[in-house]
$ cat start34.txt   # compact mmCIF, C-alpha atoms and all ligand atoms
# COMPACT_ATOMS: atom_id res chain seq x y z
CA MET A 1 1.92 -19.53 -17.99
CA LEU A 2 3.37 -16.02 -18.41
CA ALA A 3 5.16 -14.60 -15.36
CA TYR A 4 6.94 -11.27 -15.00
CA THR A 5 10.20 -12.32 -13.37
CA TYR A 6 13.04 -10.67 -11.43
CA ILE A 7 16.11 -11.80 -13.39
CA TYR A 8 18.80 -9.68 -11.68
CA PRO A 9 18.97 -6.10 -10.32
CA GLY A 10 17.87 -3.81 -13.12
CA LYS A 11 16.15 -6.55 -15.14
CA PHE A 12 12.59 -7.93 -15.09
CA GLU A 13 11.41 -10.15 -17.95
CA LEU A 14 8.15 -11.81 -19.01
CA ILE A 15 8.97 -15.52 -19.25
CA GLY A 16 7.13 -18.85 -19.44
CA LYS A 17 6.87 -20.83 -16.17
CA PRO A 18 4.90 -23.90 -15.07
CA LYS A 19 1.56 -23.21 -13.39
CA PRO A 20 2.02 -23.19 -9.57
CA GLU A 21 0.89 -26.25 -7.59
CA ILE A 22 -0.37 -26.69 -4.03
CA GLN A 23 2.74 -27.30 -1.86
CA ASN A 24 1.14 -27.25 1.57
CA SER A 25 -2.32 -28.18 2.86
CA ARG A 26 -2.98 -24.51 3.78
CA ASP A 27 -2.15 -23.18 0.26
CA ALA A 28 -4.54 -22.02 -2.44
CA ILE A 29 -3.95 -21.50 -6.16
CA VAL A 30 -5.56 -18.34 -7.50
CA ARG A 31 -6.19 -17.54 -11.17
CA ILE A 32 -5.43 -13.85 -11.41
CA THR A 33 -8.07 -11.68 -13.06
CA LEU A 34 -6.52 -8.26 -12.39
CA GLY A 35 -3.17 -7.09 -11.03
CA SER A 36 -1.21 -3.90 -10.54
CA ILE A 37 2.28 -2.49 -10.13
CA CYS A 38 3.48 -1.06 -6.81
CA THR A 39 6.40 1.24 -6.06
CA SER A 40 7.89 -1.66 -4.05
CA ASP A 41 8.16 -3.62 -7.32
CA LEU A 42 10.37 -0.80 -8.61
CA HIS A 43 12.46 -1.03 -5.42
CA ILE A 44 13.09 -4.72 -6.25
CA LYS A 45 13.90 -3.86 -9.85
CA HIS A 46 16.47 -1.31 -8.69
CA GLY A 47 18.10 -3.81 -6.34
CA SER A 48 17.10 -1.92 -3.18
CA VAL A 49 15.28 -4.91 -1.62
CA PRO A 50 18.16 -7.20 -0.62
CA ARG A 51 15.85 -10.05 0.48
CA ALA A 52 14.19 -10.22 -2.98
CA VAL A 53 15.15 -13.52 -4.62
CA PRO A 54 16.24 -13.50 -8.29
CA GLY A 55 14.04 -15.81 -10.38
CA ILE A 56 10.81 -15.07 -8.48
CA THR A 57 7.69 -13.79 -10.20
CA VAL A 58 7.12 -10.22 -9.02
CA GLY A 59 3.84 -8.51 -8.13
CA HIS A 60 1.84 -8.44 -4.90
CA GLU A 61 -1.30 -6.48 -5.80
CA MET A 62 -3.95 -8.68 -7.37
CA VAL A 63 -7.41 -10.12 -7.26
CA GLY A 64 -8.58 -13.38 -8.80
CA VAL A 65 -10.63 -16.54 -8.59
CA VAL A 66 -9.67 -19.49 -6.38
CA GLU A 67 -8.77 -22.42 -8.60
CA LYS A 68 -7.76 -25.04 -6.02
CA VAL A 69 -7.30 -25.21 -2.25
CA GLY A 70 -5.25 -27.44 0.07
CA ALA A 71 -6.95 -29.91 2.43
CA GLU A 72 -6.81 -27.61 5.49
CA VAL A 73 -8.18 -24.45 3.87
CA ARG A 74 -11.58 -23.55 5.40
CA ASN A 75 -12.53 -19.95 4.53
CA VAL A 76 -12.36 -20.05 0.73
CA LYS A 77 -13.18 -22.62 -1.94
CA ALA A 78 -12.68 -23.09 -5.69
CA GLY A 79 -14.68 -20.52 -7.65
CA ASP A 80 -14.59 -17.78 -4.97
CA ARG A 81 -13.55 -14.29 -6.13
CA VAL A 82 -10.86 -13.07 -3.75
CA THR A 83 -8.44 -10.30 -2.87
CA VAL A 84 -4.87 -11.44 -2.19
CA ASN A 85 -3.05 -9.97 0.82
CA VAL A 86 0.48 -8.67 0.25
CA GLU A 87 1.43 -10.24 3.58
CA THR A 88 1.73 -13.90 4.40
CA PHE A 89 0.82 -14.70 7.99
CA CYS A 90 0.11 -17.85 9.94
CA GLY A 91 -2.61 -16.45 12.21
CA GLU A 92 -1.19 -18.34 15.19
CA CYS A 93 2.10 -16.86 16.41
CA PHE A 94 2.36 -14.11 19.08
CA PHE A 95 2.52 -11.34 16.48
CA CYS A 96 -0.43 -12.66 14.42
CA GLN A 97 -2.53 -13.12 17.56
CA ASN A 98 -1.94 -9.46 18.43
CA GLY A 99 -2.68 -8.15 14.93
CA PHE A 100 0.99 -7.45 14.13
CA VAL A 101 0.87 -9.69 11.08
CA ASN A 102 3.73 -7.92 9.30
CA ASN A 103 6.01 -9.54 11.88
CA CYS A 104 4.58 -13.06 11.66
CA THR A 105 7.38 -15.44 12.68
CA ASP A 106 6.70 -17.94 9.87
CA PRO A 107 9.74 -18.17 7.54
CA ASN A 108 7.52 -16.64 4.84
CA GLY A 109 5.86 -14.20 7.27
CA GLY A 110 5.41 -10.58 6.17
CA TRP A 111 6.00 -9.50 2.59
CA ALA A 112 6.92 -12.73 0.77
CA LEU A 113 4.67 -12.76 -2.33
CA GLY A 114 6.48 -11.26 -5.29
CA CYS A 115 9.62 -10.77 -3.18
CA ARG A 116 10.79 -14.06 -1.64
CA ILE A 117 8.21 -16.38 -3.25
CA ASP A 118 6.44 -16.16 -6.63
CA GLY A 119 3.95 -13.30 -6.82
CA GLY A 120 1.10 -12.18 -9.01
CA GLN A 121 2.22 -10.42 -12.17
CA ALA A 122 1.35 -13.71 -13.84
CA GLU A 123 -1.63 -15.84 -14.73
CA TYR A 124 -1.71 -17.84 -11.48
CA VAL A 125 -0.27 -17.50 -7.99
CA ARG A 126 0.16 -19.86 -5.05
CA VAL A 127 -0.97 -18.20 -1.80
CA PRO A 128 0.32 -19.77 1.45
CA TYR A 129 -1.99 -19.63 4.54
CA ALA A 130 -4.91 -19.01 2.21
CA ASP A 131 -7.37 -18.65 5.11
CA GLN A 132 -5.43 -15.57 6.23
CA GLY A 133 -4.17 -14.29 2.86
CA LEU A 134 -7.42 -14.37 0.86
CA ASN A 135 -10.66 -12.47 1.41
CA ARG A 136 -13.88 -13.11 -0.50
CA ILE A 137 -15.03 -10.20 -2.67
CA PRO A 138 -18.76 -9.40 -2.26
CA ASP A 139 -20.78 -9.99 -5.46
CA SER A 140 -21.62 -6.31 -5.85
CA VAL A 141 -17.92 -5.27 -5.72
CA SER A 142 -15.98 -5.35 -9.01
CA ASP A 143 -12.38 -6.50 -9.48
CA GLU A 144 -11.38 -2.88 -10.08
CA GLN A 145 -13.03 -1.75 -6.85
CA ALA A 146 -11.22 -4.51 -4.92
CA LEU A 147 -7.84 -4.32 -6.65
CA PHE A 148 -5.96 -2.34 -3.97
CA VAL A 149 -7.49 -3.95 -0.87
CA GLY A 150 -4.54 -6.24 -0.14
CA ASP A 151 -1.73 -3.68 -0.37
CA VAL A 152 -1.92 0.12 -0.84
CA LEU A 153 -5.42 0.44 0.54
CA ALA A 154 -4.58 -1.88 3.46
CA THR A 155 -1.62 0.41 4.12
CA GLY A 156 -3.77 3.56 4.12
CA PHE A 157 -6.34 1.89 6.37
CA TRP A 158 -3.70 0.72 8.84
CA ALA A 159 -2.01 4.14 8.85
CA ALA A 160 -5.30 5.91 9.62
CA ARG A 161 -6.15 3.30 12.28
CA ILE A 162 -2.90 3.66 14.26
CA SER A 163 -2.87 7.48 14.07
CA GLU A 164 -5.53 7.95 16.77
CA ILE A 165 -7.41 10.65 14.80
CA LYS A 166 -10.05 12.60 16.75
CA PRO A 167 -13.00 14.69 15.42
CA ASP A 168 -11.39 17.97 16.45
CA ASP A 169 -8.05 17.23 14.73
CA THR A 170 -6.24 18.82 11.84
CA VAL A 171 -4.53 15.99 9.95
CA LEU A 172 -1.63 16.61 7.60
CA ILE A 173 -0.84 13.96 4.96
CA ILE A 174 2.51 14.40 3.20
CA GLY A 175 2.48 12.84 -0.29
CA ALA A 176 -0.43 12.22 -2.68
CA GLY A 177 0.90 9.26 -4.63
CA PRO A 178 -1.19 6.05 -4.68
CA THR A 179 -0.50 5.23 -1.01
CA GLY A 180 -0.99 8.87 0.00
CA ILE A 181 -4.40 8.96 -1.67
CA CYS A 182 -5.41 5.64 -0.10
CA THR A 183 -4.31 7.08 3.25
CA LEU A 184 -6.38 10.19 2.55
CA LEU A 185 -9.49 8.09 1.81
CA CYS A 186 -9.11 6.22 5.09
CA VAL A 187 -8.38 9.41 7.08
CA MET A 188 -11.57 10.91 5.60
CA LEU A 189 -13.54 8.00 7.15
CA LYS A 190 -12.42 9.27 10.58
CA GLN A 191 -13.98 12.68 9.77
CA PRO A 192 -11.38 14.98 11.37
CA LYS A 193 -12.15 18.70 11.40
CA HIS A 194 -9.60 19.59 8.73
CA ILE A 195 -7.35 17.66 6.31
CA ILE A 196 -4.32 19.16 4.58
CA VAL A 197 -2.43 17.26 1.85
CA CYS A 198 1.12 18.30 0.95
CA GLU A 199 2.14 17.39 -2.62
CA LYS A 200 4.68 18.66 -5.11
CA SER A 201 3.50 17.21 -8.46
CA PRO A 202 1.01 19.55 -10.24
CA GLU A 203 -0.78 16.52 -11.77
CA ARG A 204 -1.36 14.95 -8.36
CA VAL A 205 -2.39 18.28 -6.84
CA ARG A 206 -4.98 18.53 -9.62
CA PHE A 207 -6.14 14.97 -8.97
CA VAL A 208 -6.72 15.63 -5.25
CA ARG A 209 -8.50 18.95 -5.91
CA GLU A 210 -10.74 17.36 -8.52
CA HIS A 211 -11.74 14.25 -6.55
CA TYR A 212 -11.63 15.49 -2.94
CA PRO A 213 -12.60 19.17 -3.02
CA SER A 214 -13.00 19.42 0.77
CA VAL A 215 -9.29 18.74 1.26
CA GLU A 216 -6.77 21.59 1.34
CA VAL A 217 -3.69 21.01 -0.85
CA VAL A 218 -0.34 22.75 -0.27
CA ALA A 219 3.06 22.66 -1.94
CA PRO A 220 5.99 21.44 0.23
CA GLU A 221 7.55 24.92 0.36
CA ASP A 222 4.34 26.40 1.78
CA CYS A 223 3.53 23.51 4.09
CA ILE A 224 5.01 24.74 7.38
CA ALA A 225 3.61 28.26 6.99
CA THR A 226 0.13 26.97 6.08
CA VAL A 227 0.01 24.50 8.93
CA ARG A 228 1.15 27.13 11.49
CA GLN A 229 -1.42 29.59 10.17
CA LYS A 230 -4.34 27.13 10.06
CA CYS A 231 -3.68 25.28 13.29
CA GLU A 232 -4.21 27.30 16.44
CA ARG A 233 -2.17 24.74 18.40
CA GLY A 234 1.03 25.50 16.51
CA GLY A 235 0.93 22.56 14.08
CA ALA A 236 -1.06 19.56 12.91
CA ASP A 237 -2.51 17.25 15.56
CA VAL A 238 -1.64 14.21 13.44
CA VAL A 239 0.90 13.98 10.61
CA LEU A 240 1.11 11.02 8.22
CA GLU A 241 4.35 10.96 6.19
CA VAL A 242 3.67 8.97 3.01
CA ALA A 243 6.09 10.65 0.60
CA GLY A 244 9.50 9.23 1.56
CA ALA A 245 11.34 12.04 -0.26
CA LYS A 246 14.61 13.66 0.79
CA ASP A 247 13.24 16.25 3.22
CA THR A 248 9.79 14.91 4.05
CA PHE A 249 10.73 13.19 7.31
CA ARG A 250 11.95 16.51 8.72
CA LEU A 251 8.90 18.29 7.29
CA ALA A 252 6.63 15.78 9.04
CA TRP A 253 7.85 16.44 12.58
CA GLU A 254 8.35 20.15 11.98
CA CYS A 255 4.68 20.48 10.98
CA ALA A 256 3.49 18.56 14.06
CA ARG A 257 2.20 20.43 17.12
CA PRO A 258 3.63 19.52 20.53
CA ASN A 259 2.38 16.09 21.70
CA ALA A 260 1.23 15.19 18.17
CA ILE A 261 1.33 11.74 16.60
CA VAL A 262 3.62 11.41 13.58
CA THR A 263 2.97 8.24 11.58
CA ILE A 264 5.69 7.23 9.14
CA VAL A 265 4.17 5.20 6.32
CA ALA A 266 6.90 5.97 3.76
CA LEU A 267 9.68 3.57 2.85
CA TYR A 268 12.95 5.52 2.57
CA ASP A 269 15.98 4.52 0.48
CA LYS A 270 18.33 6.19 3.00
CA PRO A 271 18.64 6.50 6.79
CA GLN A 272 16.82 9.50 8.27
CA MET A 273 18.04 11.88 10.98
CA LEU A 274 16.13 12.07 14.25
CA PRO A 275 17.61 15.32 15.65
CA LEU A 276 16.44 14.88 19.23
CA PRO A 277 17.94 18.18 20.52
CA ASP A 278 15.85 20.12 17.96
CA MET A 279 12.63 18.38 18.99
CA TYR A 280 13.30 18.31 22.73
CA GLY A 281 10.22 19.34 24.65
CA LYS A 282 7.92 18.80 21.68
CA ASN A 283 7.03 15.38 23.16
CA LEU A 284 6.12 13.74 19.87
CA THR A 285 4.96 10.16 19.39
CA PHE A 286 6.35 8.48 16.28
CA LYS A 287 4.71 5.40 14.77
CA THR A 288 6.52 3.54 11.99
CA GLY A 289 5.56 1.28 9.01
CA GLY A 290 5.04 -1.36 7.38
CA VAL A 291 1.49 -2.27 7.21
CA ASP A 292 -0.22 -4.88 9.36
CA GLY A 293 -2.62 -5.92 6.61
CA CYS A 294 -5.25 -7.73 8.66
CA ASP A 295 -8.26 -5.46 8.03
CA CYS A 296 -9.09 -6.60 4.49
CA ALA A 297 -12.55 -7.98 5.35
CA GLU A 298 -13.52 -4.66 6.96
CA ILE A 299 -12.12 -2.71 3.99
CA LEU A 300 -14.14 -4.85 1.56
CA SER A 301 -17.34 -4.15 3.50
CA LEU A 302 -16.58 -0.41 3.44
CA ILE A 303 -16.17 -0.64 -0.35
CA GLU A 304 -19.43 -2.59 -0.61
CA ALA A 305 -21.16 0.14 1.44
CA GLY A 306 -19.82 2.81 -0.94
CA LYS A 307 -17.59 4.41 1.72
CA ILE A 308 -14.26 3.85 -0.04
CA ASP A 309 -13.72 4.08 -3.79
CA THR A 310 -10.22 3.67 -5.21
CA THR A 311 -11.30 3.22 -8.84
CA PRO A 312 -10.30 6.80 -9.83
CA LEU A 313 -6.70 5.77 -9.03
CA ILE A 314 -6.70 3.34 -11.98
CA THR A 315 -5.59 5.65 -14.75
CA HIS A 316 -4.26 3.06 -17.25
CA HIS A 317 -4.95 -0.53 -18.35
CA TYR A 318 -2.47 -2.97 -19.91
CA LYS A 319 -2.42 -6.62 -20.96
CA LEU A 320 0.05 -8.85 -19.09
CA ALA A 321 1.84 -9.34 -22.42
CA ASP A 322 2.57 -5.57 -22.44
CA ILE A 323 3.58 -5.29 -18.78
CA ALA A 324 7.06 -3.94 -19.63
CA GLU A 325 5.35 -0.92 -21.20
CA ALA A 326 3.20 -0.48 -18.09
CA TYR A 327 6.36 -0.50 -15.92
CA HIS A 328 7.94 2.14 -18.14
CA LEU A 329 4.91 4.40 -17.76
CA PHE A 330 4.60 3.82 -13.99
CA GLU A 331 8.31 4.16 -13.25
CA HIS A 332 8.67 7.43 -15.15
CA LYS A 333 5.28 8.77 -13.96
CA LEU A 334 4.22 9.46 -17.57
CA ASP A 335 0.82 10.61 -18.78
CA GLY A 336 -0.50 11.46 -15.29
CA VAL A 337 -0.38 7.81 -14.16
CA ILE A 338 -1.41 6.99 -10.62
CA LYS A 339 -1.97 3.22 -10.86
CA VAL A 340 -2.14 0.75 -13.73
CA ALA A 341 -4.38 -2.30 -13.98
CA ILE A 342 -2.82 -5.39 -15.58
CA VAL A 343 -5.15 -7.90 -17.24
CA PRO A 344 -3.67 -11.43 -17.63
ZN ZN B 401 3.13 -2.77 -2.57
ZN ZN B 402 2.14 -15.58 12.50

$ encode --input "start34.txt" --output "structure tokens" --more "lines below"
Ligand SMILES: [Zn+2]
Ligand SMILES: [Zn+2]
Amino acid sequence: MLAYTYIYPGKFELIGKPKPEIQNSRDAIVRITLGSICTSDLHIKHGSVPRAVPGITVGHEMVGVVEKVGAEVRNVKAGDRVTVNVETFCGECFFCQNGFVNNCTDPNGGWALGCRIDGGQAEYVRVPYADQGLNRIPDSVSDEQALFVGDVLATGFWAARISEIKPDDTVLIIGAGPTGICTLLCVMLKQPKHIIVCEKSPERVRFVREHYPSVEVVAPEDCIATVRQKCERGGADVVLEVAGAKDTFRLAWECARPNAIVTIVALYDKPQMLPLPDMYGKNLTFKTGGVDGCDCAEILSLIEAGKIDTTPLITHHYKLADIAEAYHLFEHKLDGVIKVAIVP
């Protein structure tokens, strides 16, 4: 089969590999019907994910059809259409039992697919702990509607869940890339009084204004002034930092009112400063990423009920054979791309 493979830092290549086999009785083999590219794939490509193993097939956003299951798999069977979770988790350890699946103590716990074990920019993928890692897609939900359930949408859902949003709140979301928009969609489900999105790219500003007209959009340079003017409590009640740019961590806590919750969803390339003297007395609560992706069944039912729709995010389609071109477009943010769909 064809598999887009991490050769060495700076180089991915589409090569031929044998079809994966069941290795453990809790595994499933999934035939991929649609995949995507995530910014984390670019982090691997650029060598900024030290635990990524050269030789692995990359990709951790995909949906497909179960081809085969191991003897102990109970929740899915051959022929089921499924979403694949970016995270591998056993369901049994202390962290899994408490919903902190990103910190599952299994050797492959957390983000393994397309990083430490073969992922899904390929024709087939082996999914360990299939009962945890796969969720059945309802018949009325298309592959495109379900494509982001296991990764970016799970991240947005988790971020909104942990941010303790109340009806009277003003929520500021910094960054309107794919994860920022997924976060916005999930924050909207909480129906806070007011939502402000801070974004620099004119194309993304246009996208948010076109699709979510009730949301206020500001440029980073106007963000603090707007938030102070709109929020009678001196800042946003909840801030979600999804941009991960040079100054956005500082912007996040500066825009927060005293006693606010600041949720850090972004993955930074560099350490960030926490200047405690400057924020003394502001009494902020910080919550930090990565995603505990254990809400996929709930997300799928919200999609089925028409409450979440991420299909406008799919701006481009490519065949797996042309995936290098799709990476070029996604990496350089060409042609207004938000997300690409890859068809094996
Ligand atoms: Zn990802
Ligand atoms: Zn576990």

$ closest_residue --input "start34.txt" --among "A:Val53, A:Val66, A:Ile29, A:Cys115" --to "ligand ZN 401 (chain B)" --atoms "only C-alpha atoms and all ligand atoms"
A:Cys115

$ residues_near_ligand --input "start34.txt" --ligand "ligand ZN 401 (chain B)" --cutoff "8 Å" --atoms "all atoms listed in the file" --output "PyMOL selection string"
chain A and resi 37-41+60-61+86+151-152

$ closest_residue --input "start34.txt" --among "A:Ile342, A:Leu172, A:Ile303, A:Ala245" --to "Gly120 (chain A)" --atoms "only C-alpha atoms"
A:Ile342

$ closest_atom_pairs --input "start34.txt" --of "chain A" --to "ligand ZN 402 (chain B)" --cutoff "10 Å" --atoms "only C-alpha atoms and all ligand atoms" --output "CSV"
residue,atom,partner,partner_atom,distance
A:Thr88,CA,B:ZN402,ZN,8.3
A:Phe89,CA,B:ZN402,ZN,4.8
A:Cys90,CA,B:ZN402,ZN,4.0
A:Gly91,CA,B:ZN402,ZN,4.8
A:Glu92,CA,B:ZN402,ZN,5.1
A:Cys93,CA,B:ZN402,ZN,4.1
A:Phe94,CA,B:ZN402,ZN,6.7
A:Phe95,CA,B:ZN402,ZN,5.8
A:Cys96,CA,B:ZN402,ZN,4.3
A:Gln97,CA,B:ZN402,ZN,7.3
A:Asn98,CA,B:ZN402,ZN,9.4
A:Gly99,CA,B:ZN402,ZN,9.2
A:Phe100,CA,B:ZN402,ZN,8.4
A:Val101,CA,B:ZN402,ZN,6.2
A:Asn102,CA,B:ZN402,ZN,8.5
A:Asn103,CA,B:ZN402,ZN,7.2
A:Cys104,CA,B:ZN402,ZN,3.6
A:Thr105,CA,B:ZN402,ZN,5.2
A:Asp106,CA,B:ZN402,ZN,5.8
A:Pro107,CA,B:ZN402,ZN,9.4
A:Asn108,CA,B:ZN402,ZN,9.4
A:Gly109,CA,B:ZN402,ZN,6.6
A:Gly110,CA,B:ZN402,ZN,8.7
A:Tyr129,CA,B:ZN402,ZN,9.8
A:Gln132,CA,B:ZN402,ZN,9.8

$ closest_residue --input "start34.txt" --among "A:Ala321, A:Met62, A:Ile174, A:Ala225" --to "Gly150 (chain A)" --atoms "only C-alpha atoms"
A:Met62

$ atom_distance --input "start34.txt" --atom1 "CA of Asp295 (chain A)" --atom2 "CA of Ala130 (chain A)"
15.1 Å

$ closest_residue --input "start34.txt" --among "A:Thr57, A:Asn85, A:Gln145, A:Asn75" --to "Asp309 (chain A)" --atoms "only C-alpha atoms"
A:Gln145

$ residues_near_point --input "start34.txt" --point "(15.5, 15.1, 3.1)" --cutoff "12 Å" --atoms "all atoms listed in the file" --output "list in words"
Pro220, Ala243, Gly244, Ala245, Lys246, Asp247, Thr248, Phe249, Arg250, Leu251, Ala252, Tyr268, Asp269, Lys270, Pro271, Gln272, Met273 and Leu274 of chain A

$ decode --input "start34.txt" --residues "region 200-209 of chain A" --atoms "all heavy atoms" --output "CSV table (one decimal), in the first residue's frame"
chain,number,residue,atom,x,y,z
A,200,LYS,N,-5.0,37.4,12.8
A,200,LYS,CA,-4.2,38.3,12.0
A,200,LYS,C,-4.5,38.2,10.5
A,200,LYS,O,-4.5,39.2,9.8
A,200,LYS,CB,-2.7,38.0,12.4
A,200,LYS,CG,-1.7,38.7,11.6
A,200,LYS,CD,-0.3,38.3,12.2
A,200,LYS,CE,0.1,36.9,11.8
A,200,LYS,NZ,1.5,36.5,12.1
A,201,SER,N,-4.6,36.9,10.0
A,201,SER,CA,-4.7,36.7,8.6
A,201,SER,C,-6.0,37.2,8.0
A,201,SER,O,-7.1,36.9,8.4
A,201,SER,CB,-4.6,35.2,8.3
A,201,SER,OG,-5.4,34.8,7.2
A,202,PRO,N,-6.0,38.1,7.0
A,202,PRO,CA,-7.2,38.7,6.4
A,202,PRO,C,-8.1,37.6,5.8
A,202,PRO,O,-9.3,37.7,6.0
A,202,PRO,CB,-6.7,39.6,5.3
A,202,PRO,CG,-5.3,39.8,5.5
A,202,PRO,CD,-4.8,38.6,6.3
A,203,GLU,N,-7.5,36.5,5.3
A,203,GLU,CA,-8.3,35.4,4.7
A,203,GLU,C,-9.1,34.7,5.8
A,203,GLU,O,-10.3,34.4,5.7
A,203,GLU,CB,-7.5,34.4,4.1
A,203,GLU,CG,-7.1,34.8,2.6
A,203,GLU,CD,-6.0,33.9,2.0
A,203,GLU,OE1,-5.3,33.2,2.8
A,203,GLU,OE2,-5.9,33.9,0.8
A,204,ARG,N,-8.5,34.5,7.0
A,204,ARG,CA,-9.2,33.8,8.1
A,204,ARG,C,-10.2,34.7,8.7
A,204,ARG,O,-11.3,34.3,9.2
A,204,ARG,CB,-8.2,33.3,9.1
A,204,ARG,CG,-7.4,32.1,8.4
A,204,ARG,CD,-6.4,31.4,9.2
A,204,ARG,NE,-6.0,30.2,8.5
A,204,ARG,CZ,-5.0,29.4,8.9
A,204,ARG,NH1,-4.4,29.6,10.0
A,204,ARG,NH2,-4.7,28.3,8.1
A,205,VAL,N,-9.9,36.0,8.8
A,205,VAL,CA,-10.9,37.0,9.3
A,205,VAL,C,-12.1,36.9,8.5
A,205,VAL,O,-13.2,36.9,9.0
A,205,VAL,CB,-10.2,38.4,9.3
A,205,VAL,CG1,-11.3,39.5,9.6
A,205,VAL,CG2,-9.1,38.5,10.4
A,206,ARG,N,-11.9,36.9,7.2
A,206,ARG,CA,-13.0,36.8,6.2
A,206,ARG,C,-13.8,35.6,6.4
A,206,ARG,O,-15.1,35.6,6.4
A,206,ARG,CB,-12.5,36.9,4.8
A,206,ARG,CG,-13.0,38.1,4.0
A,206,ARG,CD,-12.8,38.1,2.5
A,206,ARG,NE,-11.7,37.3,2.0
A,206,ARG,CZ,-10.5,37.8,1.8
A,206,ARG,NH1,-10.2,39.0,2.0
A,206,ARG,NH2,-9.5,37.0,1.3
A,207,PHE,N,-13.1,34.5,6.6
A,207,PHE,CA,-13.8,33.2,6.8
A,207,PHE,C,-14.7,33.2,8.0
A,207,PHE,O,-15.8,32.8,8.0
A,207,PHE,CB,-12.7,32.0,7.0
A,207,PHE,CG,-13.3,30.7,7.1
A,207,PHE,CD1,-13.6,29.9,6.0
A,207,PHE,CD2,-13.6,30.2,8.3
A,207,PHE,CE1,-14.1,28.6,6.1
A,207,PHE,CE2,-14.2,28.9,8.5
A,207,PHE,CZ,-14.5,28.1,7.4
A,208,VAL,N,-14.2,33.7,9.1
A,208,VAL,CA,-15.0,33.8,10.4
A,208,VAL,C,-16.2,34.7,10.2
A,208,VAL,O,-17.3,34.4,10.6
A,208,VAL,CB,-14.1,34.2,11.6
A,208,VAL,CG1,-15.0,34.4,12.8
A,208,VAL,CG2,-13.0,33.2,11.9
A,209,ARG,N,-15.9,35.9,9.6
A,209,ARG,CA,-17.1,36.8,9.4
A,209,ARG,C,-18.2,36.2,8.5
A,209,ARG,O,-19.3,36.4,8.8
A,209,ARG,CB,-16.5,38.1,8.8
A,209,ARG,CG,-15.7,38.9,9.8
A,209,ARG,CD,-15.7,40.4,9.4
A,209,ARG,NE,-15.1,41.1,10.5
A,209,ARG,CZ,-14.0,41.9,10.4
A,209,ARG,NH1,-13.4,42.0,9.2
A,209,ARG,NH2,-13.5,42.4,11.5
